[in-house]
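Participant: Sharing upload-v2.cif here; it has mmCIF, C-alpha atoms.
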```cif
data_model
#
loop_
_atom_site.group_PDB
_atom_site.id
_atom_site.type_symbol
_atom_site.label_atom_id
_atom_site.label_comp_id
_atom_site.auth_asym_id
_atom_site.auth_seq_id
_atom_site.Cartn_x
_atom_site.Cartn_y
_atom_site.Cartn_z
ATOM 1 C CA MET A 1 29.088 46.940 37.326
ATOM 2 C CA SER A 2 28.463 48.157 33.749
ATOM 3 C CA THR A 3 31.217 49.472 31.518
ATOM 4 C CA VAL A 4 29.709 52.968 31.690
ATOM 5 C CA GLU A 5 29.776 52.904 35.496
ATOM 6 C CA GLU A 6 33.381 51.720 35.491
ATOM 7 C CA MET A 7 34.341 54.550 33.125
ATOM 8 C CA LYS A 8 32.611 57.089 35.372
ATOM 9 C CA HIS A 9 35.030 56.009 38.123
ATOM 10 C CA LEU A 10 37.845 57.069 35.781
ATOM 11 C CA GLY A 11 36.480 60.589 35.282
ATOM 12 C CA PHE A 12 34.075 60.192 32.368
ATOM 13 C CA THR A 13 30.566 61.583 32.570
ATOM 14 C CA GLY A 14 27.785 59.197 31.635
ATOM 15 C CA ALA A 15 27.357 60.892 28.264
ATOM 16 C CA GLU A 16 31.102 60.862 27.541
ATOM 17 C CA ALA A 17 31.300 57.145 28.353
ATOM 18 C CA GLN A 18 28.329 56.354 26.091
ATOM 19 C CA ILE A 19 29.822 58.376 23.224
ATOM 20 C CA TYR A 20 33.254 56.741 23.557
ATOM 21 C CA ILE A 21 31.694 53.259 23.553
ATOM 22 C CA PHE A 22 29.524 54.171 20.550
ATOM 23 C CA LEU A 23 32.581 55.381 18.631
ATOM 24 C CA LEU A 24 34.448 52.157 19.374
ATOM 25 C CA GLN A 25 31.603 50.353 17.638
ATOM 26 C CA HIS A 26 30.925 53.019 14.986
ATOM 27 C CA PRO A 27 34.153 54.908 14.220
ATOM 28 C CA LEU A 28 34.083 57.965 11.935
ATOM 29 C CA SER A 29 30.568 58.935 13.003
ATOM 30 C CA THR A 30 29.315 62.510 12.924
ATOM 31 C CA GLY A 31 27.897 64.290 15.939
ATOM 32 C CA TYR A 32 24.391 63.832 14.562
ATOM 33 C CA GLU A 33 24.946 60.081 14.051
ATOM 34 C CA ILE A 34 26.394 59.742 17.558
ATOM 35 C CA SER A 35 23.467 61.628 19.096
ATOM 36 C CA LYS A 36 20.947 59.471 17.281
ATOM 37 C CA GLY A 37 22.780 56.178 17.779
ATOM 38 C CA ALA A 38 23.593 56.711 21.464
ATOM 39 C CA GLY A 39 20.160 58.137 22.238
ATOM 40 C CA LEU A 40 21.524 61.403 23.646
ATOM 41 C CA PRO A 41 20.244 64.960 23.208
ATOM 42 C CA ARG A 42 22.156 66.729 20.433
ATOM 43 C CA ALA A 43 23.322 69.595 22.691
ATOM 44 C CA ASN A 44 24.671 67.145 25.285
ATOM 45 C CA THR A 45 26.390 65.135 22.560
ATOM 46 C CA TYR A 46 28.261 68.089 21.076
ATOM 47 C CA GLN A 47 29.268 69.375 24.504
ATOM 48 C CA ALA A 48 30.602 65.935 25.493
ATOM 49 C CA LEU A 49 32.442 65.593 22.157
ATOM 50 C CA GLU A 50 34.121 68.949 22.754
ATOM 51 C CA THR A 51 35.324 67.770 26.195
ATOM 52 C CA LEU A 52 36.449 64.374 24.901
ATOM 53 C CA THR A 53 38.399 66.056 22.095
ATOM 54 C CA ALA A 54 40.060 68.499 24.502
ATOM 55 C CA LYS A 55 41.109 65.589 26.739
ATOM 56 C CA GLU A 56 42.399 63.692 23.666
ATOM 57 C CA ARG A 57 40.024 60.802 24.244
ATOM 58 C CA VAL A 58 38.488 61.119 20.790
ATOM 59 C CA THR A 59 39.878 62.739 17.647
ATOM 60 C CA ALA A 60 38.174 64.812 14.937
ATOM 61 C CA VAL A 61 39.408 63.259 11.713
ATOM 62 C CA SER A 62 37.629 65.364 9.082
ATOM 63 C CA ALA A 63 36.315 68.917 8.719
ATOM 64 C CA ASP A 64 33.100 68.819 6.735
ATOM 65 C CA PRO A 65 31.273 67.044 8.117
ATOM 66 C CA VAL A 66 33.269 66.566 11.326
ATOM 67 C CA ARG A 67 33.716 62.890 12.010
ATOM 68 C CA TYR A 68 35.128 61.433 15.183
ATOM 69 C CA ALA A 69 37.281 58.420 16.034
ATOM 70 C CA PRO A 70 38.123 57.093 19.515
ATOM 71 C CA VAL A 71 41.632 56.892 20.868
ATOM 72 C CA SER A 72 42.420 53.177 21.281
ATOM 73 C CA PRO A 73 41.464 51.745 24.698
ATOM 74 C CA ALA A 74 45.076 50.716 25.410
ATOM 75 C CA ARG A 75 46.419 54.258 24.788
ATOM 76 C CA LEU A 76 43.520 55.843 26.626
ATOM 77 C CA LEU A 77 43.839 53.729 29.784
ATOM 78 C CA LYS A 78 47.638 53.986 29.825
ATOM 79 C CA ARG A 79 47.369 57.776 29.750
ATOM 80 C CA ILE A 80 44.729 57.768 32.521
ATOM 81 C CA GLU A 81 46.924 55.444 34.589
ATOM 82 C CA GLU A 82 49.940 57.758 34.251
ATOM 83 C CA GLU A 83 47.915 60.880 34.997
ATOM 84 C CA THR A 84 46.339 59.232 38.048
ATOM 85 C CA ALA A 85 49.708 58.098 39.391
ATOM 86 C CA GLN A 86 51.120 61.621 39.007
ATOM 87 C CA ARG A 87 48.048 63.121 40.662
ATOM 88 C CA CYS A 88 48.269 60.682 43.590
ATOM 89 C CA GLN A 89 51.974 61.386 44.047
ATOM 90 C CA SER A 90 51.381 65.122 44.075
ATOM 91 C CA LEU A 91 48.432 64.810 46.444
ATOM 92 C CA GLU A 92 50.411 62.577 48.809
ATOM 93 C CA GLN A 93 53.082 65.264 49.077
ATOM 94 C CA GLN A 94 50.488 67.965 49.714
ATOM 95 C CA LEU A 95 48.640 65.953 52.367
ATOM 96 C CA THR A 96 51.857 64.839 54.070
ATOM 97 C CA ALA A 97 52.875 68.485 54.414
ATOM 98 C CA LEU A 98 49.581 69.125 56.232
ATOM 99 C CA GLU A 99 49.793 66.059 58.496
ATOM 100 C CA GLN A 100 50.378 66.676 62.188
ATOM 101 C CA PRO A 101 52.559 64.185 64.120
ATOM 102 C CA ASP A 102 50.567 61.662 66.120
ATOM 103 C CA ASN A 103 52.427 60.923 69.323
ATOM 104 C CA VAL A 104 49.842 58.476 70.641
ATOM 105 C CA GLY A 105 48.949 56.127 67.802
ATOM 106 C CA HIS A 106 45.509 54.746 67.135
ATOM 107 C CA PHE A 107 44.006 51.265 67.089
ATOM 108 C CA TRP A 108 41.908 49.943 64.227
ATOM 109 C CA GLU A 109 39.738 46.901 64.867
ATOM 110 C CA LEU A 110 39.340 44.281 62.153
ATOM 111 C CA ASN A 111 36.284 42.057 62.467
ATOM 112 C CA GLU A 112 36.390 39.799 59.406
ATOM 113 C CA TYR A 113 39.002 37.330 58.202
ATOM 114 C CA SER A 114 39.059 38.899 54.726
ATOM 115 C CA ARG A 115 39.850 42.320 56.227
ATOM 116 C CA ILE A 116 42.571 40.829 58.435
ATOM 117 C CA GLU A 117 44.248 39.062 55.505
ATOM 118 C CA ALA A 118 43.987 42.169 53.314
ATOM 119 C CA ARG A 119 45.613 44.284 56.055
ATOM 120 C CA LEU A 120 48.371 41.691 56.547
ATOM 121 C CA ARG A 121 49.190 41.809 52.851
ATOM 122 C CA GLU A 122 49.089 45.604 52.839
ATOM 123 C CA LEU A 123 51.479 45.839 55.805
ATOM 124 C CA ILE A 124 53.920 43.339 54.310
ATOM 125 C CA THR A 125 53.829 45.163 50.980
ATOM 126 C CA SER A 126 54.571 48.489 52.691
ATOM 127 C CA ALA A 127 57.517 47.165 54.753
ATOM 128 C CA ARG A 128 60.836 48.772 53.885
ATOM 129 C CA GLN A 129 63.414 47.008 56.076
ATOM 130 C CA ARG A 130 62.114 44.380 58.484
ATOM 131 C CA ILE A 131 59.202 42.004 58.933
ATOM 132 C CA ALA A 132 58.734 39.893 62.059
ATOM 133 C CA ALA A 133 55.791 37.534 62.392
ATOM 134 C CA SER A 134 54.310 34.565 64.195
ATOM 135 C CA LEU A 135 52.250 32.530 61.726
ATOM 136 C CA TRP A 136 50.792 29.095 61.189
ATOM 137 C CA ALA A 137 51.855 27.163 58.101
ATOM 138 C CA GLU A 138 48.447 27.713 56.499
ATOM 139 C CA ASP A 139 48.841 31.488 56.958
ATOM 140 C CA LEU A 140 52.257 31.357 55.329
ATOM 141 C CA ASP A 141 50.802 29.631 52.268
ATOM 142 C CA ARG A 142 48.494 32.606 51.681
ATOM 143 C CA LEU A 143 51.147 35.266 52.343
ATOM 144 C CA SER A 144 54.220 33.733 50.734
ATOM 145 C CA ASP A 145 53.966 35.799 47.533
ATOM 146 C CA VAL A 146 54.085 39.194 49.278
ATOM 147 C CA LEU A 147 56.720 37.950 51.737
ATOM 148 C CA GLN A 148 58.970 36.827 48.891
ATOM 149 C CA GLN A 149 58.486 40.184 47.187
ATOM 150 C CA ALA A 150 59.468 41.914 50.441
ATOM 151 C CA ARG A 151 62.633 39.823 50.632
ATOM 152 C CA ASP A 152 63.429 40.650 47.005
ATOM 153 C CA ARG A 153 63.312 44.372 47.752
ATOM 154 C CA GLY A 154 65.706 43.933 50.688
ATOM 155 C CA CYS A 155 63.585 43.269 53.765
ATOM 156 C CA THR A 156 64.815 40.995 56.545
ATOM 157 C CA ILE A 157 62.075 38.483 57.388
ATOM 158 C CA ILE A 158 61.871 36.693 60.747
ATOM 159 C CA LEU A 159 59.192 34.036 61.178
ATOM 160 C CA ASN A 160 57.976 32.006 64.118
ATOM 161 C CA LEU A 161 56.361 29.146 62.244
ATOM 162 C CA PHE A 162 53.795 26.771 63.746
ATOM 163 C CA GLY A 163 53.667 23.728 61.481
ATOM 164 C CA GLU A 164 55.691 22.674 58.459
ATOM 165 C CA ALA A 165 56.135 24.932 55.430
ATOM 166 C CA SER A 166 58.890 25.963 53.058
ATOM 167 C CA ALA A 167 60.132 29.562 53.339
ATOM 168 C CA ASP A 168 63.723 29.923 52.143
ATOM 169 C CA TYR A 169 63.251 33.698 52.007
ATOM 170 C CA ALA A 170 63.024 33.994 55.814
ATOM 171 C CA MET A 171 64.809 33.215 59.072
ATOM 172 C CA ILE A 172 62.615 30.439 60.472
ATOM 173 C CA TYR A 173 62.151 29.616 64.152
ATOM 174 C CA GLN A 174 60.284 26.329 64.161
ATOM 175 C CA HIS A 175 57.532 25.734 66.733
ATOM 176 C CA GLU A 176 55.127 22.875 67.347
ATOM 177 C CA GLY A 177 52.402 22.053 64.848
ATOM 178 C CA PRO A 178 48.964 23.685 65.119
ATOM 179 C CA GLU A 179 47.525 20.534 66.696
ATOM 180 C CA LYS A 180 49.722 21.184 69.751
ATOM 181 C CA VAL A 181 49.068 24.919 70.009
ATOM 182 C CA VAL A 182 47.289 26.067 73.159
ATOM 183 C CA GLY A 183 45.171 29.216 73.055
ATOM 184 C CA GLY A 184 43.847 29.070 69.497
ATOM 185 C CA HIS A 185 44.963 30.397 66.137
ATOM 186 C CA VAL A 186 46.666 33.652 67.100
ATOM 187 C CA ILE A 187 49.035 35.458 64.756
ATOM 188 C CA ALA A 188 51.212 38.558 65.074
ATOM 189 C CA LEU A 189 53.052 40.789 62.611
ATOM 190 C CA ALA A 190 55.306 43.821 63.066
ATOM 191 C CA ILE A 191 56.978 45.861 60.319
ATOM 192 C CA ASP A 192 59.920 48.274 60.540
ATOM 193 C CA PHE A 193 59.373 48.695 64.310
ATOM 194 C CA GLU A 194 56.554 51.068 63.317
ATOM 195 C CA GLU A 195 53.288 49.167 62.905
ATOM 196 C CA ALA A 196 51.854 45.923 64.225
ATOM 197 C CA LEU A 197 48.887 43.621 63.788
ATOM 198 C CA VAL A 198 47.634 40.943 66.168
ATOM 199 C CA ALA A 199 44.680 38.705 65.347
ATOM 200 C CA SER A 200 42.795 35.647 66.492
ATOM 201 C CA LEU A 201 41.696 33.722 63.412
ATOM 202 C CA ASP A 202 39.351 31.315 65.167
ATOM 203 C CA ALA A 203 35.753 32.126 64.245
ATOM 204 C CA PRO A 204 34.662 34.806 64.642
ATOM 205 C CA ALA A 205 37.992 36.259 63.503
ATOM 206 C CA THR A 206 39.054 39.475 65.230
ATOM 207 C CA GLY A 207 42.174 41.598 65.049
ATOM 208 C CA VAL A 208 43.702 44.961 65.767
ATOM 209 C CA VAL A 209 46.327 47.006 63.942
ATOM 210 C CA THR A 210 48.201 49.921 65.474
ATOM 211 C CA GLN A 211 51.085 52.350 65.151
ATOM 212 C CA ASN A 212 51.086 52.974 68.898
ATOM 213 C CA ARG A 213 54.783 52.826 69.765
ATOM 214 C CA THR A 214 54.323 51.053 73.092
ATOM 215 C CA MET A 215 52.106 48.349 71.598
ATOM 216 C CA VAL A 216 54.364 47.903 68.571
ATOM 217 C CA ARG A 217 57.286 47.313 70.935
ATOM 218 C CA MET A 218 55.204 44.804 72.914
ATOM 219 C CA VAL A 219 54.318 42.864 69.748
ATOM 220 C CA GLU A 220 57.972 42.938 68.659
ATOM 221 C CA LYS A 221 59.012 41.619 72.068
ATOM 222 C CA PHE A 222 56.373 38.885 71.920
ATOM 223 C CA ILE A 223 57.666 37.746 68.525
ATOM 224 C CA ARG A 224 61.313 37.884 69.628
ATOM 225 C CA ASP A 225 60.585 35.980 72.848
ATOM 226 C CA GLU A 226 58.881 33.233 70.831
ATOM 227 C CA ALA A 227 61.940 33.061 68.573
ATOM 228 C CA TYR A 228 64.291 32.883 71.589
ATOM 229 C CA LEU A 229 62.223 30.068 73.090
ATOM 230 C CA ALA A 230 62.167 28.086 69.832
ATOM 231 C CA ALA A 231 65.944 28.373 69.451
ATOM 232 C CA ILE A 232 66.573 27.412 73.087
ATOM 233 C CA TYR A 233 64.142 24.493 72.945
ATOM 234 C CA GLU A 234 65.745 23.176 69.772
ATOM 235 C CA GLN A 235 69.142 22.973 71.479
ATOM 236 C CA LEU A 236 68.126 22.052 75.025
ATOM 237 C CA SER A 237 64.840 20.162 74.772
ATOM 238 C CA PRO A 238 65.994 17.098 76.793
ATOM 239 C CA GLU A 239 67.142 19.251 79.705
ATOM 240 C CA LEU A 240 64.053 21.475 79.558
ATOM 241 C CA GLU A 241 61.628 18.557 79.501
ATOM 242 C CA ALA A 242 63.511 16.797 82.309
ATOM 243 C CA THR A 243 63.075 19.910 84.423
ATOM 244 C CA PHE A 244 59.623 21.120 83.402
ATOM 245 C CA GLY A 245 57.953 18.010 81.966
ATOM 246 C CA PRO A 246 56.925 17.187 78.379
ATOM 247 C CA HIS A 247 55.983 20.276 76.435
ATOM 248 C CA MET A 248 57.238 22.177 79.543
ATOM 249 C CA VAL A 249 53.798 21.576 81.015
ATOM 250 C CA ASN A 250 54.814 22.090 84.657
ATOM 251 C CA LEU A 251 56.052 25.599 83.888
ATOM 252 C CA ARG A 252 53.354 26.669 81.479
ATOM 253 C CA ARG A 253 50.159 25.358 83.061
ATOM 254 C CA SER A 254 50.412 27.599 86.125
ATOM 255 C CA LEU A 255 50.387 30.690 83.873
ATOM 256 C CA LEU A 256 47.483 29.702 81.629
ATOM 257 C CA PRO A 257 43.703 30.078 81.991
ATOM 258 C CA ALA A 258 42.161 26.896 83.411
ATOM 259 C CA GLN A 259 40.706 25.705 80.076
ATOM 260 C CA ASP A 260 44.000 26.230 78.226
ATOM 261 C CA ALA A 261 45.898 24.529 81.057
ATOM 262 C CA GLU A 262 43.679 21.481 80.662
ATOM 263 C CA GLN A 263 44.324 21.400 76.922
ATOM 264 C CA LEU A 264 48.071 21.710 77.510
ATOM 265 C CA VAL A 265 48.139 18.791 79.946
ATOM 266 C CA ALA A 266 46.157 16.644 77.505
ATOM 267 C CA ILE A 267 48.601 17.492 74.689
ATOM 268 C CA ALA A 268 51.669 16.956 76.869
ATOM 269 C CA THR A 269 50.594 13.476 77.959
ATOM 270 C CA MET A 270 49.944 12.139 74.476
ATOM 271 C CA GLY A 271 52.542 9.453 73.907
ATOM 272 C CA SER A 272 54.419 10.384 77.102
ATOM 273 C CA GLN A 273 54.782 8.906 80.536
ATOM 274 C CA PRO A 274 52.157 10.083 83.040
ATOM 275 C CA ILE A 275 53.159 13.246 84.839
ATOM 276 C CA ASN A 276 52.568 14.089 88.469
ATOM 277 C CA LEU A 277 49.604 16.432 88.857
ATOM 278 C CA PRO A 278 48.899 18.680 91.828
ATOM 279 C CA SER A 279 45.857 17.757 93.884
ATOM 280 C CA ASN A 280 44.068 21.017 93.011
ATOM 281 C CA LEU A 281 44.202 20.470 89.239
ATOM 282 C CA HIS A 282 40.803 20.659 87.572
ATOM 283 C CA THR A 283 38.938 17.326 87.583
ATOM 284 C CA SER A 284 38.388 17.253 83.812
ATOM 285 C CA THR A 285 42.137 17.583 83.281
ATOM 286 C CA ARG A 286 42.816 14.578 85.496
ATOM 287 C CA ASP A 287 40.116 12.642 83.624
ATOM 288 C CA ALA A 288 41.752 13.534 80.297
ATOM 289 C CA LEU A 289 45.021 12.181 81.655
ATOM 290 C CA HIS A 290 43.520 8.876 82.678
ATOM 291 C CA LEU A 291 41.848 8.518 79.288
ATOM 292 C CA GLY A 292 45.225 9.135 77.694
ATOM 293 C CA GLU A 293 46.795 6.408 79.812
ATOM 294 C CA GLU A 294 44.144 3.925 78.749
#
```
Written as structure tokens, how would this file's structure read?

Facilitator:
Amino acid sequence: MSTVEEMKHLGFTGAEAQIYIFLLQHPLSTGYEISKGAGLPRANTYQALETLTAKERVTAVSADPVRYAPVSPARLLKRIEEETAQRCQSLEQQLTALEQPDNVGHFWELNEYSRIEARLRELITSARQRIAASLWAEDLDRLSDVLQQARDRGCTIILNLFGEASADYAMIYQHEGPEKVVGGHVIALAIDFEEALVASLDAPATGVVTQNRTMVRMVEKFIRDEAYLAAIYEQLSPELEATFGPHMVNLRRSLLPAQDAEQLVAIATMGSQPINLPSNLHTSTRDALHLGEE
């Protein structure tokens, strides 16, 4: 995008942007010189100069003839930044006063990984008190900066972490590595008990974000239950595996879709003693087991 187009986004007209740029390159020019040098009609030039002077974006520095100088870019952009921030703050207050409470909550679908990551960062940045999430280590690498900033402003951060990563700014509940995860690359995030995002990052990436209170509570419960399980498994893994098999396969496989159950059995038998399989288990799962034994 050209400099003129960028300036138009900040409230300049095309003519005003051209004149300001010309004056940066040719300070102390007259209106006639600006009109000729910028290739603008004289009437348009003088009208734009009048507006730029009124907005204190250029300054008339002599009387006869009138010559113009631009306000420095640093001063100009700082002033625009401050005015824009004040305008946004005022508008937010006005719009909030008009907003009607939404007792249902909507769902917004996210269909690209870049949109999902951008929304994750936005939610984390907006959190005021609490962030709870289930993430893979590779996700944490991309979000660690905004998570650390959230901790620095006082947020409690609770993470179910799949894989190894450093995160001394959070309460970590360690889970198995991604290579042992059944069901794909699924992540979840909830902030302040008010908003939640759930996404599957396997291609094609899809996700949904919502403020629906029921769904936010469900996502919160999902994250908490994963944390409970990680803490229990850390303390009682020998007893749990003695009862339910390696990777708790005997408990979990009956609740999974057939394909995921097969993957779980294959993972559970890697490096373990063969486990007893029911006669109705899918043939490909039994084959995977025998291959593992060989």

Participant: Once the PyMOL selection byres ((chain A and resi 216) around 10) has been applied to the shown file, what residues remain in the selection, as a PyMOL selection string?

Facilitator: chain A and resi 105+189-198+209-215+217-222

Participant: Only C-alpha atoms, please: the residues just picked out, written as a PDB file, in the coordinates of the input.

Facilitator:
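File written: out38.pdb
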```pdb
ATOM      1  CA  GLY A 105      48.949  56.127  67.802  1.00  0.00           C
ATOM      2  CA  LEU A 189      53.052  40.789  62.611  1.00  0.00           C
ATOM      3  CA  ALA A 190      55.306  43.821  63.066  1.00  0.00           C
ATOM      4  CA  ILE A 191      56.978  45.861  60.319  1.00  0.00           C
ATOM      5  CA  ASP A 192      59.920  48.274  60.540  1.00  0.00           C
ATOM      6  CA  PHE A 193      59.373  48.695  64.310  1.00  0.00           C
ATOM      7  CA  GLU A 194      56.554  51.068  63.317  1.00  0.00           C
ATOM      8  CA  GLU A 195      53.288  49.167  62.905  1.00  0.00           C
ATOM      9  CA  ALA A 196      51.854  45.923  64.225  1.00  0.00           C
ATOM     10  CA  LEU A 197      48.887  43.621  63.788  1.00  0.00           C
ATOM     11  CA  VAL A 198      47.634  40.943  66.168  1.00  0.00           C
ATOM     12  CA  VAL A 209      46.327  47.006  63.942  1.00  0.00           C
ATOM     13  CA  THR A 210      48.201  49.921  65.474  1.00  0.00           C
ATOM     14  CA  GLN A 211      51.085  52.350  65.151  1.00  0.00           C
ATOM     15  CA  ASN A 212      51.086  52.974  68.898  1.00  0.00           C
ATOM     16  CA  ARG A 213      54.783  52.826  69.765  1.00  0.00           C
ATOM     17  CA  THR A 214      54.323  51.053  73.092  1.00  0.00           C
ATOM     18  CA  MET A 215      52.106  48.349  71.598  1.00  0.00           C
ATOM     19  CA  ARG A 217      57.286  47.313  70.935  1.00  0.00           C
ATOM     20  CA  MET A 218      55.204  44.804  72.914  1.00  0.00           C
ATOM     21  CA  VAL A 219      54.318  42.864  69.748  1.00  0.00           C
ATOM     22  CA  GLU A 220      57.972  42.938  68.659  1.00  0.00           C
ATOM     23  CA  LYS A 221      59.012  41.619  72.068  1.00  0.00           C
ATOM     24  CA  PHE A 222      56.373  38.885  71.920  1.00  0.00           C
TER      25      PHE A 222
END
```

Participant: Expand the PyMOL selection byres ((chain A and resi 113) around 9) into the explicit residue set it covers here, and present it as a list in words.

Facilitator: Leu110, Asn111, Glu112, Ser114, Arg115, Ile116, Glu117, Ala118, Leu201, Ala203, Pro204, Ala205, Thr206 and Gly207 of chain A

Participant: Could you pull the residues within 8 Å of Thr45 (chain A), counting all atoms listed in the file, minus those fewer than 5 positions along the same chain, as a list in words?

Facilitator: Ala15, Ile19, Gly31, Ile34, Ser35 and Leu40 of chain A

Participant: Got a sec: who's within 10 Å of region 228-231 of chain A, counting only C-alpha atoms, leaving out chain neighbours fewer than 3 positions off, as a list in words?

Facilitator: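 Final neighbour list, sorted by chain and number: Asn160, Leu161, Ile172, Tyr173, Gln174, His175, Glu176, Phe222, Ile223, Arg224, Asp225, Glu234, Gln235, Leu236 and Ser237 of chain A.
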
Participant: From the set A:Leu28, A:Ala165, A:Leu91, A:Leu10, which residue has the shortest atom-to-atom contact distance to Leu77 (chain A), counting all atoms listed in the file?

Facilitator: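 Smallest distance to Leu77 (chain A) is found for A:Leu10.
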